[in-house]
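J.: One structure, as structure tokens, below. Some questions next.
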Amino acid sequence: MLLEEILLANSFFVNEYRYLLKKYSHKPRKHVAIFTCMDTRLVEFLEPALGIRRGDAKIIKNAGNRIRKDCDDAIRSLAAAVYLLGVREILVIGHLDCGMSKLDTELLSERMKEFGISEEEIDKNDLAAWLGGFSDVEENVVDAVTKVKSHHLIPRTIPVHGLIFCPDNGELKVVVNGYGQAEKE
Ligand SMILES: [Zn+2]
């Protein structure tokens, strides 16, 4: 059972870690928030590739680092990071080979049926729009940057950068450099 495996790992971890206890602030040392994808290849890989360590950054993830028009939960987290946690810079990081860029809605609706979701419920939703699939990784990053920057509750003085990450070799490419676009404080 996975839960048992996790609890066992946790008891070893806590036992080891008690000698290394160090208190961290909940405010990120680098005053940065990163909005990125939930892709498993980014776990323990994106942060070291960016020189980000524990305590340095707020990291917000969802499927495909997508901000949908009718659901701005990522922006809510970013606003909390800015107003309550001292964040002064935002990075939107998409990645190559993102699963959400090749969303197969046929397969998705088949799987939903296998799990017992009724056809009526499935048909009520535009699945592609609901899950937030997209066709181009770079366009999706630019779109998320634009939505964050133009949101009425995000201050114009916060630089919002857009980047694309390679989940194989860890290389970053800048798509939007937010310094030129943020208003001076
Ligand atoms: Zn992804």
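Ligands are numbered from 1 in the order shown, residues from 1 within each chain, and chains are lettered A, B, ... in the order they appear in the structure tokens.
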Give the residue list for ligand 1 at 6 Å, counting only C-alpha atoms and all ligand atoms, as a ChimeraX atom specification, sorted by chain and then by residue number.

T.: /A:37,39,64,98-100

J.: Please produce a file of the residues just selected, as a JSON list (two decimals), in the first residue's frame, where the atoms kept are C-alpha atoms.

T.:
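Below you can see result_12.json, which holds the result:
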[["chain", "number", "residue", "atom", "x", "y", "z"],
["A", 37, "CYS", "CA", 3.24, 22.64, -14.14],
["A", 39, "ASP", "CA", 4.68, 17.37, -14.25],
["A", 64, "GLY", "CA", -0.11, 22.76, -17.60],
["A", 98, "CYS", "CA", 3.82, 19.13, -21.55],
["A", 99, "GLY", "CA", 1.02, 16.54, -21.35],
["A", 100, "MET", "CA", -1.58, 19.31, -21.40]]

J.: Skipping near chain neighbours, those fewer than 4 positions away, what residues fall within 12 Å of segment 8-22 of chain A using only C-alpha atoms, listed as a ChimeraX atom specification?

T.: /A:1-4,54-55

J.: Could you give me the residues within segment 4-161 of chain A that DSSP places in strand (DSSP E), as JSON, numbers by chain?

T.: {"A": [32, 33, 34, 35, 36, 37, 57, 58, 59, 60, 61, 62, 89, 90, 91, 92, 93, 94, 95, 160, 161]}

J.: As a PyMOL selection string, please: every residue in segment 3-176 of chain A that a backbone DSSP assignment puts in alpha helix (DSSP H).

T.: chain A and resi 3-17+46-50+73-85+105-114+119-124+127-131+137-150

J.: So that each row is one residue of segment 51-89 of chain A with an atom at most 12 Å from segment 158-167 of chain A, can you give its shortest atom pair and the distance in Å to one decimal, using only C-alpha atoms, rows by chain and rising number, as a Markdown table?

T.:
| residue | atom | partner | partner_atom | distance |
| --- | --- | --- | --- | --- |
| A:Gly64 | CA | A:Ile164 | CA | 11.8 |
| A:Asn65 | CA | A:Ile164 | CA | 11.0 |
| A:Leu78 | CA | A:Val160 | CA | 10.9 |
| A:Ala79 | CA | A:Ile158 | CA | 10.8 |
| A:Ala81 | CA | A:Ile158 | CA | 11.6 |
| A:Val82 | CA | A:Ile158 | CA | 8.6 |
| A:Tyr83 | CA | A:Ile158 | CA | 11.2 |
| A:Gly86 | CA | A:Ile158 | CA | 11.2 |
| A:Val87 | CA | A:Ile158 | CA | 8.6 |
| A:Arg88 | CA | A:Ile158 | CA | 5.7 |
| A:Glu89 | CA | A:Pro159 | CA | 5.3 |

J.: For Gly133 of chain A, which residue among A:Val43, A:Ile6, A:Leu108, A:Ile93 is the nearest when counting only C-alpha atoms?

T.: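 Result for the nearest residue to Gly133 of chain A: A:Leu108.
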
J.: As a PyMOL selection string, please: the residues near Ile59 of chain A (cut-off 8 Å, only C-alpha atoms, same-chain neighbours under 6 positions excluded).

T.: chain A and resi 33-36

J.: If you keep C-alpha atoms, can you produce a file of those selected residues as a JSON list (two decimals), in the first residue's frame?

T.:
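Printed below is result-v4.json as written:
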[["chain", "number", "residue", "atom", "x", "y", "z"],
["A", 33, "ALA", "CA", 6.84, 33.10, -6.67],
["A", 34, "ILE", "CA", 7.00, 30.45, -9.38],
["A", 35, "PHE", "CA", 3.90, 29.26, -11.20],
["A", 36, "THR", "CA", 4.59, 26.03, -13.04]]

J.: Quote the spacing between atom CA of Asn140 of chain A and atom CA of Val92 of chain A in Å to one decimal place.

T.: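 Computed distance, atom CA of Asn140 of chain A to atom CA of Val92 of chain A, equals 9.9 Å.
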
J.: Calculated over only C-alpha atoms, which of the candidates A:Leu172, A:Leu7, A:Val145, A:Ala80 has the smallest distance to Leu96 of chain A?

T.: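 Counting only C-alpha atoms, the residue closest to Leu96 of chain A is A:Leu172.
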
J.: Using only C-alpha atoms, which protein or nucleic acid residues come within 9 Å of Asp136 of chain A? Drop anything in the same chain fewer than 4 positions from it, and give the result as a PDB file with N, CA and C atoms, in the first residue's frame.

T.:
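So part14.pdb came out as:
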ATOM      1  N   SER A 101      -0.433  19.858 -23.475  1.00  0.00           N
ATOM      2  CA  SER A 101      -0.382  20.419 -24.826  1.00  0.00           C
ATOM      3  C   SER A 101      -0.868  19.403 -25.856  1.00  0.00           C
ATOM      4  N   LYS A 102      -1.109  18.190 -25.410  1.00  0.00           N
ATOM      5  CA  LYS A 102      -1.634  17.186 -26.346  1.00  0.00           C
ATOM      6  C   LYS A 102      -2.769  16.415 -25.699  1.00  0.00           C
ATOM      7  N   ASN A 140       1.063  29.281 -24.388  1.00  0.00           N
ATOM      8  CA  ASN A 140       0.416  29.107 -23.085  1.00  0.00           C
ATOM      9  C   ASN A 140       1.138  29.883 -21.988  1.00  0.00           C
ATOM     10  N   VAL A 141       2.474  29.918 -22.065  1.00  0.00           N
ATOM     11  CA  VAL A 141       3.253  30.692 -21.081  1.00  0.00           C
ATOM     12  C   VAL A 141       2.949  32.184 -21.255  1.00  0.00           C
TER      13      VAL A 141
END
